[in-house]
>>> print(open('entry_22.cif').read())   # mmCIF, C-alpha atoms and all ligand atoms
data_start
#
loop_
_atom_site.label_atom_id
_atom_site.label_comp_id
_atom_site.auth_asym_id
_atom_site.auth_seq_id
_atom_site.Cartn_x
_atom_site.Cartn_y
_atom_site.Cartn_z
CA MET X 23 1.24 -12.80 -14.74
CA LEU X 24 4.50 -10.87 -14.50
CA ALA X 25 6.82 -12.11 -11.74
CA TYR X 26 10.32 -10.88 -11.01
CA THR X 27 12.33 -14.04 -10.54
CA TYR X 28 15.61 -15.23 -9.05
CA ILE X 29 16.84 -17.17 -12.09
CA ALA X 30 20.43 -17.89 -11.09
CA HIS X 31 23.37 -16.33 -9.23
CA GLU X 32 23.57 -12.64 -10.27
CA LYS X 33 20.56 -13.07 -12.53
CA PHE X 34 17.02 -11.83 -11.84
CA GLY X 35 14.46 -11.49 -14.62
CA LEU X 36 10.84 -10.57 -15.24
CA LEU X 37 9.08 -13.77 -16.31
CA ASP X 38 5.56 -14.70 -17.31
CA LYS X 39 4.24 -17.21 -14.75
CA PRO X 40 0.85 -18.69 -13.94
CA LYS X 41 -1.22 -16.79 -11.38
CA PRO X 42 -0.81 -18.52 -7.97
CA ALA X 43 -3.65 -20.70 -6.66
CA LEU X 44 -4.72 -21.66 -3.15
CA GLN X 45 -2.81 -24.71 -1.91
CA ASP X 46 -4.00 -24.90 1.68
CA PRO X 47 -7.16 -23.83 3.60
CA CYS X 48 -5.01 -21.23 5.42
CA ASP X 49 -3.77 -19.57 2.20
CA ALA X 50 -4.86 -16.29 0.69
CA ILE X 51 -4.17 -14.93 -2.78
CA VAL X 52 -3.36 -11.22 -2.73
CA ARG X 53 -3.34 -8.94 -5.77
CA VAL X 54 -0.21 -6.88 -5.23
CA THR X 55 -0.87 -3.17 -5.67
CA LEU X 56 2.53 -1.94 -4.45
CA SER X 57 5.81 -3.63 -3.62
CA SER X 58 9.32 -2.49 -2.82
CA VAL X 59 12.90 -3.62 -3.23
CA CYS X 60 14.87 -4.45 -0.09
CA THR X 61 18.59 -4.93 0.46
CA SER X 62 17.78 -8.56 1.27
CA ASP X 63 16.65 -9.00 -2.35
CA LEU X 64 20.13 -7.90 -3.40
CA HIS X 65 21.63 -10.39 -0.96
CA ILE X 66 19.70 -13.15 -2.77
CA LYS X 67 20.93 -11.88 -6.13
CA HIS X 68 24.56 -11.88 -5.00
CA GLY X 69 24.38 -15.30 -3.38
CA SER X 70 24.54 -14.48 0.33
CA VAL X 71 21.16 -16.11 1.09
CA PRO X 72 21.94 -19.81 0.52
CA ARG X 73 18.40 -20.92 1.38
CA ALA X 74 16.93 -18.84 -1.47
CA VAL X 75 15.55 -21.16 -4.14
CA PRO X 76 16.38 -20.48 -7.82
CA GLY X 77 13.16 -19.95 -9.76
CA VAL X 78 11.41 -18.25 -6.85
CA THR X 79 9.55 -14.99 -7.37
CA VAL X 80 11.36 -12.42 -5.21
CA GLY X 81 9.94 -9.59 -3.13
CA HIS X 82 8.82 -9.57 0.49
CA GLU X 83 7.67 -5.97 1.02
CA MET X 84 4.19 -5.48 -0.38
CA VAL X 85 0.63 -4.38 0.09
CA GLY X 86 -2.41 -5.39 -1.90
CA VAL X 87 -6.01 -6.45 -2.06
CA VAL X 88 -7.22 -9.91 -1.02
CA GLU X 89 -8.40 -11.74 -4.12
CA GLU X 90 -9.30 -15.17 -2.72
CA VAL X 91 -9.08 -16.97 0.64
CA GLY X 92 -8.97 -20.60 1.77
CA ALA X 93 -11.75 -22.08 3.91
CA ALA X 94 -9.82 -21.62 7.18
CA VAL X 95 -9.03 -17.93 6.66
CA THR X 96 -11.19 -15.79 8.94
CA SER X 97 -9.17 -12.61 9.52
CA VAL X 98 -9.59 -11.17 6.01
CA LYS X 99 -11.97 -11.54 3.07
CA PRO X 100 -11.80 -10.82 -0.67
CA GLY X 101 -11.67 -7.09 -1.34
CA ASP X 102 -9.83 -6.21 1.90
CA ARG X 103 -6.74 -4.02 1.61
CA VAL X 104 -3.86 -5.63 3.47
CA THR X 105 -0.20 -5.45 4.38
CA VAL X 106 1.76 -8.67 3.93
CA ASN X 107 4.17 -9.72 6.67
CA VAL X 108 7.70 -10.63 5.54
CA GLU X 109 7.49 -13.51 7.98
CA THR X 110 5.29 -16.54 7.67
CA PHE X 111 4.21 -17.84 11.06
CA CYS X 112 1.74 -20.30 12.50
CA GLY X 113 0.64 -18.30 15.53
CA GLU X 114 0.55 -21.44 17.68
CA CYS X 115 4.06 -22.76 18.37
CA PHE X 116 6.18 -21.96 21.45
CA PHE X 117 7.83 -18.98 19.78
CA CYS X 118 4.73 -17.56 18.08
CA ARG X 119 2.79 -17.59 21.35
CA ARG X 120 5.53 -15.44 22.88
CA GLY X 121 5.61 -12.98 19.98
CA TYR X 122 8.87 -14.33 18.53
CA VAL X 123 7.28 -14.97 15.16
CA ASN X 124 10.63 -14.79 13.40
CA ASN X 125 11.50 -18.06 15.10
CA CYS X 126 8.29 -19.90 14.17
CA VAL X 127 9.03 -23.63 13.83
CA ASP X 128 6.51 -24.21 11.00
CA PRO X 129 8.23 -25.60 7.85
CA ASP X 130 7.26 -22.34 6.09
CA GLY X 131 8.08 -20.27 9.19
CA GLY X 132 10.32 -17.20 9.14
CA TRP X 133 11.38 -15.38 6.01
CA ALA X 134 9.91 -17.62 3.31
CA LEU X 135 8.11 -15.21 0.95
CA GLY X 136 10.34 -14.13 -1.89
CA CYS X 137 13.09 -16.46 -0.66
CA ARG X 138 11.90 -20.07 -0.34
CA ILE X 139 8.36 -19.58 -1.70
CA ASP X 140 7.12 -17.15 -4.35
CA GLY X 141 7.03 -13.53 -3.19
CA GLY X 142 5.43 -10.26 -4.15
CA GLN X 143 7.35 -8.51 -6.91
CA ALA X 144 4.58 -9.85 -9.09
CA GLU X 145 0.94 -9.24 -9.92
CA TYR X 146 -0.29 -11.78 -7.35
CA VAL X 147 1.16 -13.58 -4.35
CA ARG X 148 0.03 -16.62 -2.37
CA VAL X 149 0.33 -15.95 1.37
CA PRO X 150 0.40 -19.05 3.63
CA HIS X 151 -0.95 -18.75 7.18
CA ALA X 152 -2.95 -15.74 5.99
CA ASN X 153 -4.72 -15.31 9.35
CA GLN X 154 -1.34 -14.34 10.80
CA GLY X 155 0.48 -12.89 7.79
CA LEU X 156 -2.03 -10.29 6.62
CA ASN X 157 -3.11 -7.12 8.42
CA LEU X 158 -6.01 -4.89 7.41
CA ILE X 159 -5.01 -1.43 6.24
CA PRO X 160 -7.27 1.20 7.85
CA PRO X 161 -9.36 3.07 5.24
CA THR X 162 -7.58 6.37 5.91
CA VAL X 163 -4.11 4.85 5.29
CA SER X 164 -2.82 4.77 1.71
CA ASP X 165 -0.88 1.92 0.10
CA GLU X 166 2.26 4.07 0.13
CA GLN X 167 1.82 4.82 3.84
CA ALA X 168 1.48 1.09 4.57
CA LEU X 169 4.14 -0.24 2.19
CA PHE X 170 6.91 -0.84 4.74
CA VAL X 171 4.76 -2.12 7.63
CA GLY X 172 5.51 -5.80 7.05
CA ASP X 173 9.30 -5.54 6.76
CA ILE X 174 11.62 -2.59 7.41
CA LEU X 175 9.14 -0.67 9.55
CA ALA X 176 8.42 -3.79 11.58
CA THR X 177 12.19 -4.13 11.99
CA GLY X 178 12.57 -0.54 13.20
CA PHE X 179 9.63 -0.90 15.54
CA TRP X 180 10.96 -4.13 17.03
CA ALA X 181 14.43 -2.62 17.46
CA ALA X 182 13.03 0.41 19.29
CA ARG X 183 10.84 -1.80 21.47
CA ILE X 184 13.55 -4.18 22.65
CA SER X 185 15.93 -1.28 23.35
CA ASP X 186 13.99 -0.23 26.49
CA ILE X 187 14.36 3.49 25.77
CA THR X 188 13.39 6.00 28.47
CA GLU X 189 12.76 9.75 28.26
CA ASP X 190 16.10 10.42 29.99
CA ASP X 191 18.12 8.62 27.35
CA THR X 192 20.53 9.73 24.69
CA VAL X 193 20.01 7.27 21.83
CA LEU X 194 22.58 6.76 19.09
CA ILE X 195 21.38 5.27 15.80
CA ILE X 196 24.21 4.15 13.52
CA GLY X 197 23.13 4.15 9.87
CA ALA X 198 20.41 6.18 8.16
CA GLY X 199 19.57 3.79 5.35
CA PRO X 200 15.93 2.74 4.93
CA THR X 201 15.91 0.51 8.02
CA GLY X 202 17.86 3.04 10.09
CA LEU X 203 15.32 5.71 9.17
CA CYS X 204 12.45 3.40 10.15
CA ALA X 205 14.22 2.75 13.46
CA LEU X 206 14.60 6.51 13.89
CA LEU X 207 10.85 7.08 13.40
CA CYS X 208 10.05 4.42 15.99
CA VAL X 209 12.69 5.63 18.48
CA ARG X 210 11.15 9.12 18.29
CA LEU X 211 7.86 7.66 19.57
CA LYS X 212 9.69 6.84 22.82
CA ARG X 213 10.55 10.55 23.28
CA PRO X 214 14.15 10.11 24.45
CA LYS X 215 15.96 13.25 25.58
CA ARG X 216 18.27 13.22 22.57
CA ILE X 217 18.65 11.23 19.35
CA ILE X 218 21.95 11.20 17.49
CA VAL X 219 22.17 9.66 14.03
CA CYS X 220 25.54 8.66 12.59
CA GLU X 221 25.56 8.45 8.79
CA LYS X 222 28.46 8.48 6.33
CA SER X 223 26.54 9.54 3.21
CA PRO X 224 26.27 13.35 3.11
CA GLU X 225 23.09 13.00 1.07
CA ARG X 226 21.38 10.84 3.69
CA ALA X 227 22.72 13.01 6.53
CA ARG X 228 21.12 16.00 4.80
CA PHE X 229 17.85 14.09 4.48
CA VAL X 230 17.80 13.47 8.25
CA ARG X 231 18.68 17.09 9.09
CA LYS X 232 15.99 18.43 6.79
CA ARG X 233 13.18 16.05 7.72
CA TYR X 234 13.85 15.63 11.41
CA PRO X 235 15.39 18.87 12.72
CA ASP X 236 15.14 17.63 16.33
CA VAL X 237 17.67 14.88 15.54
CA TRP X 238 21.43 15.49 15.82
CA VAL X 239 23.54 14.16 12.97
CA THR X 240 27.18 13.13 12.98
CA SER X 241 29.57 11.25 10.69
CA PRO X 242 31.53 8.04 11.39
CA ASP X 243 34.82 9.95 11.76
CA GLU X 244 33.41 12.25 14.41
CA CYS X 245 30.87 9.96 15.99
CA GLU X 246 32.75 8.85 19.11
CA ALA X 247 33.83 12.35 20.10
CA PHE X 248 30.43 13.78 19.21
CA VAL X 249 28.55 11.29 21.36
CA LEU X 250 30.96 11.79 24.26
CA ALA X 251 30.54 15.57 24.05
CA HIS X 252 26.75 15.33 23.98
CA SER X 253 26.02 12.72 26.63
CA GLU X 254 26.22 13.06 30.39
CA HIS X 255 27.61 9.69 31.39
CA GLY X 256 30.43 8.91 29.01
CA GLY X 257 28.42 7.67 26.06
CA ALA X 258 24.99 6.89 24.71
CA ASP X 259 22.47 5.20 27.00
CA VAL X 260 21.16 3.16 24.08
CA VAL X 261 22.83 2.36 20.76
CA LEU X 262 21.07 0.90 17.72
CA GLU X 263 23.50 -0.51 15.13
CA VAL X 264 21.71 -0.51 11.78
CA ALA X 265 24.68 -0.17 9.40
CA GLY X 266 26.30 -3.60 9.40
CA THR X 267 30.04 -3.13 8.94
CA GLU X 268 33.02 -4.05 11.11
CA ASP X 269 33.64 -0.37 11.81
CA THR X 270 30.06 0.35 12.81
CA PHE X 271 29.92 -2.72 15.06
CA ARG X 272 33.00 -1.47 16.89
CA MET X 273 31.56 2.04 17.01
CA ALA X 274 28.35 0.72 18.56
CA TRP X 275 29.95 -0.65 21.72
CA LYS X 276 32.60 2.08 21.92
CA CYS X 277 29.98 4.84 21.89
CA ALA X 278 27.87 3.14 24.56
CA ARG X 279 28.20 4.28 28.17
CA PRO X 280 28.81 1.69 30.89
CA ASN X 281 25.69 -0.46 31.46
CA ALA X 282 24.14 0.70 28.20
CA THR X 283 22.02 -1.39 25.87
CA VAL X 284 23.40 -2.06 22.38
CA THR X 285 20.79 -3.35 19.95
CA VAL X 286 22.23 -4.91 16.83
CA VAL X 287 19.70 -4.72 14.00
CA ALA X 288 22.21 -4.91 11.16
CA LEU X 289 22.99 -7.97 9.10
CA TYR X 290 26.75 -8.59 8.65
CA ASP X 291 28.58 -10.33 5.84
CA THR X 292 31.14 -11.76 8.27
CA PRO X 293 31.38 -12.65 11.98
CA GLN X 294 32.09 -9.73 14.30
CA VAL X 295 34.48 -9.73 17.24
CA LEU X 296 33.59 -8.77 20.80
CA PRO X 297 36.95 -7.80 22.36
CA LEU X 298 35.92 -8.69 25.88
CA PRO X 299 39.20 -7.62 27.58
CA ASP X 300 38.74 -4.09 26.18
CA MET X 301 35.13 -4.05 27.30
CA TYR X 302 35.68 -5.48 30.74
CA GLY X 303 33.75 -3.55 33.34
CA LYS X 304 31.60 -1.80 30.78
CA ASN X 305 28.77 -4.23 31.55
CA LEU X 306 26.94 -3.79 28.27
CA THR X 307 23.74 -5.56 27.36
CA PHE X 308 23.68 -6.71 23.73
CA LYS X 309 20.40 -7.45 22.01
CA THR X 310 20.36 -8.99 18.58
CA GLY X 311 17.77 -9.89 16.04
CA GLY X 312 16.37 -8.91 12.75
CA VAL X 313 12.76 -8.30 12.03
CA ASP X 314 10.14 -9.75 14.31
CA GLY X 315 6.94 -8.73 12.60
CA CYS X 316 4.56 -9.22 15.52
CA ASP X 317 3.42 -5.60 15.90
CA CYS X 318 1.99 -4.84 12.45
CA ALA X 319 -1.52 -4.04 13.69
CA GLU X 320 -0.15 -1.55 16.21
CA ILE X 321 2.12 0.01 13.57
CA LEU X 322 -0.85 0.46 11.22
CA ARG X 323 -2.78 2.13 14.05
CA LEU X 324 0.13 4.53 14.67
CA ILE X 325 0.24 5.37 10.95
CA ALA X 326 -3.51 6.04 10.94
CA GLU X 327 -3.01 8.34 13.95
CA GLY X 328 -0.32 10.25 12.06
CA LYS X 329 2.46 9.19 14.47
CA ILE X 330 4.58 7.31 11.92
CA ASP X 331 5.03 8.47 8.32
CA THR X 332 7.44 6.58 6.08
CA THR X 333 6.23 8.11 2.81
CA PRO X 334 9.23 10.50 2.57
CA LEU X 335 11.38 7.37 2.18
CA ILE X 336 9.67 6.59 -1.14
CA THR X 337 11.81 8.61 -3.51
CA HIS X 338 11.16 6.72 -6.77
CA ARG X 339 8.18 4.96 -8.36
CA PHE X 340 8.13 2.42 -11.21
CA PRO X 341 5.56 0.17 -12.84
CA LEU X 342 6.22 -3.58 -12.43
CA SER X 343 7.19 -3.76 -16.10
CA GLU X 344 10.17 -1.47 -15.29
CA ILE X 345 11.34 -3.28 -12.17
CA GLU X 346 14.81 -3.86 -13.69
CA GLU X 347 15.27 -0.10 -13.64
CA ALA X 348 13.96 0.11 -10.08
CA TYR X 349 16.65 -2.41 -9.04
CA ARG X 350 19.34 -0.55 -10.96
CA VAL X 351 18.51 2.75 -9.24
CA PHE X 352 18.14 1.16 -5.78
CA GLU X 353 21.22 -1.04 -5.94
CA ASN X 354 23.51 1.69 -7.24
CA ARG X 355 22.00 4.34 -4.95
CA LEU X 356 21.40 6.61 -7.92
CA ASP X 357 19.60 9.92 -7.87
CA GLY X 358 19.27 10.18 -4.07
CA VAL X 359 17.17 7.03 -3.83
CA ILE X 360 16.09 5.77 -0.43
CA LYS X 361 13.28 3.36 -1.34
CA VAL X 362 11.46 2.54 -4.55
CA ALA X 363 7.76 1.74 -4.89
CA VAL X 364 6.84 -0.72 -7.62
CA GLU X 365 3.26 -0.46 -8.82
CA GLY X 366 1.66 -3.85 -9.25
CA ARG X 367 -1.53 -4.75 -10.98
CA PRO X 368 -4.03 -1.91 -11.38
CA LEU X 369 -7.73 -2.68 -10.89
ZN ZN X 401 13.49 -6.91 3.57
ZN ZN X 402 4.82 -20.59 14.96
#
>>> encode(input="entry_22.cif", output="structure tokens", more="lines below")
Ligand SMILES: [Zn+2]
Ligand SMILES: [Zn+2]
Amino acid sequence: MLAYTYIAHEKFGLLDKPKPALQDPCDAIVRVTLSSVCTSDLHIKHGSVPRAVPGVTVGHEMVGVVEEVGAAVTSVKPGDRVTVNVETFCGECFFCRRGYVNNCVDPDGGWALGCRIDGGQAEYVRVPHANQGLNLIPPTVSDEQALFVGDILATGFWAARISDITEDDTVLIIGAGPTGLCALLCVRLKRPKRIIVCEKSPERARFVRKRYPDVWVTSPDECEAFVLAHSEHGGADVVLEVAGTEDTFRMAWKCARPNATVTVVALYDTPQVLPLPDMYGKNLTFKTGGVDGCDCAEILRLIAEGKIDTTPLITHRFPLSEIEEAYRVFENRLDGVIKVAVEGRPL
């Protein structure tokens, strides 16, 4: 089968590999119908994910059809359409039982697919702990509608959930990349009084204005003044930092009002500084954490009910045989790309 592979530093390639087989009673084999490319894949390519194993098939955002299941798999059966969770988790350890599946202590726990074990930019993928890692796609939900459930949409949903947003709040979201947009969709479900998005790319700012006219958009240069002018208590009640630069980290706490919650979703290349003397008396609550994919069933229900729609984020489509081109367009942000969909193996 075709499998897009992390060959070496700065080198990915489409290789011919054997179709994966069941290795454990809890495994499932999924025929990948659609996958996507994530910024984390680029981090592997450029060497900033040291635990990524050369030779591994990359890709951790995918949907497909169950092909085969191990004897202990009871939640899905061959023929079921499923989303695949970016995280592998046992469902039984201290962290899993509390919903912190990202911190699962299983040897395969956490982000393993497409990093430490073969992932889904391929025709087939083996999913360990399939009872936990696969969710049934409702019949009325398309593959494209479900594509981001297991990764960036789970991230946005988690970020909105831990931010404790109320209907009186002004919420600032910094960054309108794919994950920022997913966070925006999930924040809207909380019906805060006002949502402000800060985005530096004019193209992405336009996308937000056009698609979500109820959302206010500002740029990094104007953000602090804009938020101050449009909030009642000297800043945003809740800030979600989804951009991941030194400037946006600083902006996040500066734009927050006293006693606000700042949720840091972004992944940084370098450590960030909390200048506590400057912040003294501001009494901020910081929440951190990447994806915690424990709400996929609920997210799929919200999609089926028409409350979340990430399909406008899919701006480009490619067959698996042209995945090099999909990467080129995504990585270089060509042609207004937000997310690409890579078509896997047809029936
Ligand atoms: Zn990802
Ligand atoms: Zn666990």
>>> residues_around(input="entry_22.cif", residues="segment 46-51 of chain X", least_positions_apart="6", cutoff="8 Å", atoms="all atoms listed in the file", output="mmCIF file with C-alpha atoms, in the coordinates of the input")
data_model
loop_
_atom_site.group_PDB
_atom_site.id
_atom_site.type_symbol
_atom_site.label_atom_id
_atom_site.label_comp_id
_atom_site.auth_asym_id
_atom_site.auth_seq_id
_atom_site.Cartn_x
_atom_site.Cartn_y
_atom_site.Cartn_z
ATOM 1 C CA VAL X 88 -7.220 -9.910 -1.020
ATOM 2 C CA GLU X 89 -8.400 -11.740 -4.120
ATOM 3 C CA GLU X 90 -9.300 -15.170 -2.720
ATOM 4 C CA VAL X 91 -9.080 -16.970 0.640
ATOM 5 C CA GLY X 92 -8.970 -20.600 1.770
ATOM 6 C CA ALA X 93 -11.750 -22.080 3.910
ATOM 7 C CA ALA X 94 -9.820 -21.620 7.180
ATOM 8 C CA VAL X 95 -9.030 -17.930 6.660
ATOM 9 C CA TYR X 146 -0.290 -11.780 -7.350
ATOM 10 C CA VAL X 147 1.160 -13.580 -4.350
ATOM 11 C CA ARG X 148 0.030 -16.620 -2.370
ATOM 12 C CA VAL X 149 0.330 -15.950 1.370
ATOM 13 C CA PRO X 150 0.400 -19.050 3.630
ATOM 14 C CA HIS X 151 -0.950 -18.750 7.180
ATOM 15 C CA ALA X 152 -2.950 -15.740 5.990
ATOM 16 C CA ASN X 153 -4.720 -15.310 9.350
#
>>> closest_atom_pairs(input="entry_22.cif", of="chain X", to="ligand ZN 401 (chain X)", cutoff="8 Å", atoms="all atoms listed in the file", output="Markdown table")
| residue | atom | partner | partner_atom | distance |
| --- | --- | --- | --- | --- |
| X:Val59 | CA | X:ZN401 | ZN | 7.6 |
| X:Cys60 | CA | X:ZN401 | ZN | 4.6 |
| X:Thr61 | CA | X:ZN401 | ZN | 6.3 |
| X:Ser62 | CA | X:ZN401 | ZN | 5.1 |
| X:Asp63 | CA | X:ZN401 | ZN | 7.0 |
| X:His82 | CA | X:ZN401 | ZN | 6.2 |
| X:Glu83 | CA | X:ZN401 | ZN | 6.4 |
| X:Val108 | CA | X:ZN401 | ZN | 7.2 |
| X:Asp173 | CA | X:ZN401 | ZN | 5.4 |
| X:Ile174 | CA | X:ZN401 | ZN | 6.1 |
>>> residues_around(input="entry_22.cif", residues="segment 259-268 of chain X", least_positions_apart="3", cutoff="8 Å", atoms="all atoms listed in the file", output="MDAnalysis selection string")
chainID X and resid 181 185 187 191:199 201:202 271:272 274:275 277:279 281:291 294
>>> closest_residue(input="entry_22.cif", among="X:Leu211, X:Thr27, X:Cys316, X:Glu346", to="Phe117 of chain X", atoms="only C-alpha atoms")
X:Cys316
>>> residues_near_ligand(input="entry_22.cif", ligand="ligand ZN 402 (chain X)", cutoff="9 Å", atoms="all atoms listed in the file", output="list in words")
Thr110, Phe111, Cys112, Gly113, Glu114, Cys115, Phe116, Phe117, Cys118, Arg119, Tyr122, Val123, Asn124, Asn125, Cys126, Val127, Asp128, Gly131 and Gly132 of chain X
>>> closest_residue(input="entry_22.cif", among="X:Ser223, X:Gln45, X:Gln154, X:Thr307", to="Gly121 of chain X", atoms="all atoms listed in the file")
X:Gln154
>>> atom_distance(input="entry_22.cif", atom1="atom CA of Asp317 of chain X", atom2="atom CA of Val171 of chain X")
9.1 Å
>>> closest_residue(input="entry_22.cif", among="X:Arg339, X:Arg138, X:Arg120, X:Arg53", to="Pro100 of chain X", atoms="only C-alpha atoms")
X:Arg53
>>> residues_around(input="entry_22.cif", residues="Arg210 of chain X", least_positions_apart="3", cutoff="10 Å", atoms="all atoms listed in the file", output="list in words")
Ala182, Ile187, Val193, Ala205, Leu206, Leu207, Arg213, Pro214, Lys215, Arg216, Ile217, Tyr234, Asp236, Val237, Lys329 and Ile330 of chain X
>>> residues_around(input="entry_22.cif", residues="Leu56 of chain X", least_positions_apart="6", cutoff="7 Å", atoms="all atoms listed in the file", output="compact mmCIF listing (two decimals) with C-alpha atoms, in the frame of the given file")
# COMPACT_ATOMS: atom_id res chain seq x y z
CA MET X 84 4.19 -5.48 -0.38
CA VAL X 85 0.63 -4.38 0.09
CA GLY X 86 -2.41 -5.39 -1.90
CA ASP X 165 -0.88 1.92 0.10
CA ALA X 363 7.76 1.74 -4.89
CA VAL X 364 6.84 -0.72 -7.62
CA GLU X 365 3.26 -0.46 -8.82
CA GLY X 366 1.66 -3.85 -9.25
>>> closest_residue(input="entry_22.cif", among="X:Pro160, X:Pro200, X:Gly358, X:Pro299", to="Glu327 of chain X", atoms="only C-alpha atoms")
X:Pro160
>>> atom_distance(input="entry_22.cif", atom1="atom CA of Lys41 of chain X", atom2="atom CA of Thr96 of chain X")
22.7 Å
>>> residues_around(input="entry_22.cif", residues="Ala326 of chain X", least_positions_apart="5", cutoff="9 Å", atoms="all atoms listed in the file", output="PyMOL selection string")
chain X and resi 159-163+167+321
>>> residues_near_point(input="entry_22.cif", point="(23.2, -8.5, -11.8)", cutoff="12 Å", atoms="all atoms listed in the file", output="PyMOL selection string")
chain X and resi 28-35+63-69+346-347+349-350+353-354
>>> closest_residue(input="entry_22.cif", among="X:Ser57, X:Trp238, X:Lys276, X:Asp38", to="Pro297 of chain X", atoms="only C-alpha atoms")
X:Lys276
>>> atom_distance(input="entry_22.cif", atom1="atom CA of Gln143 of chain X", atom2="atom CA of Asp331 of chain X")
22.9 Å
>>> closest_residue(input="entry_22.cif", among="X:Leu322, X:Val362, X:Met301, X:Ala168", to="Phe340 of chain X", atoms="all atoms listed in the file")
X:Val362
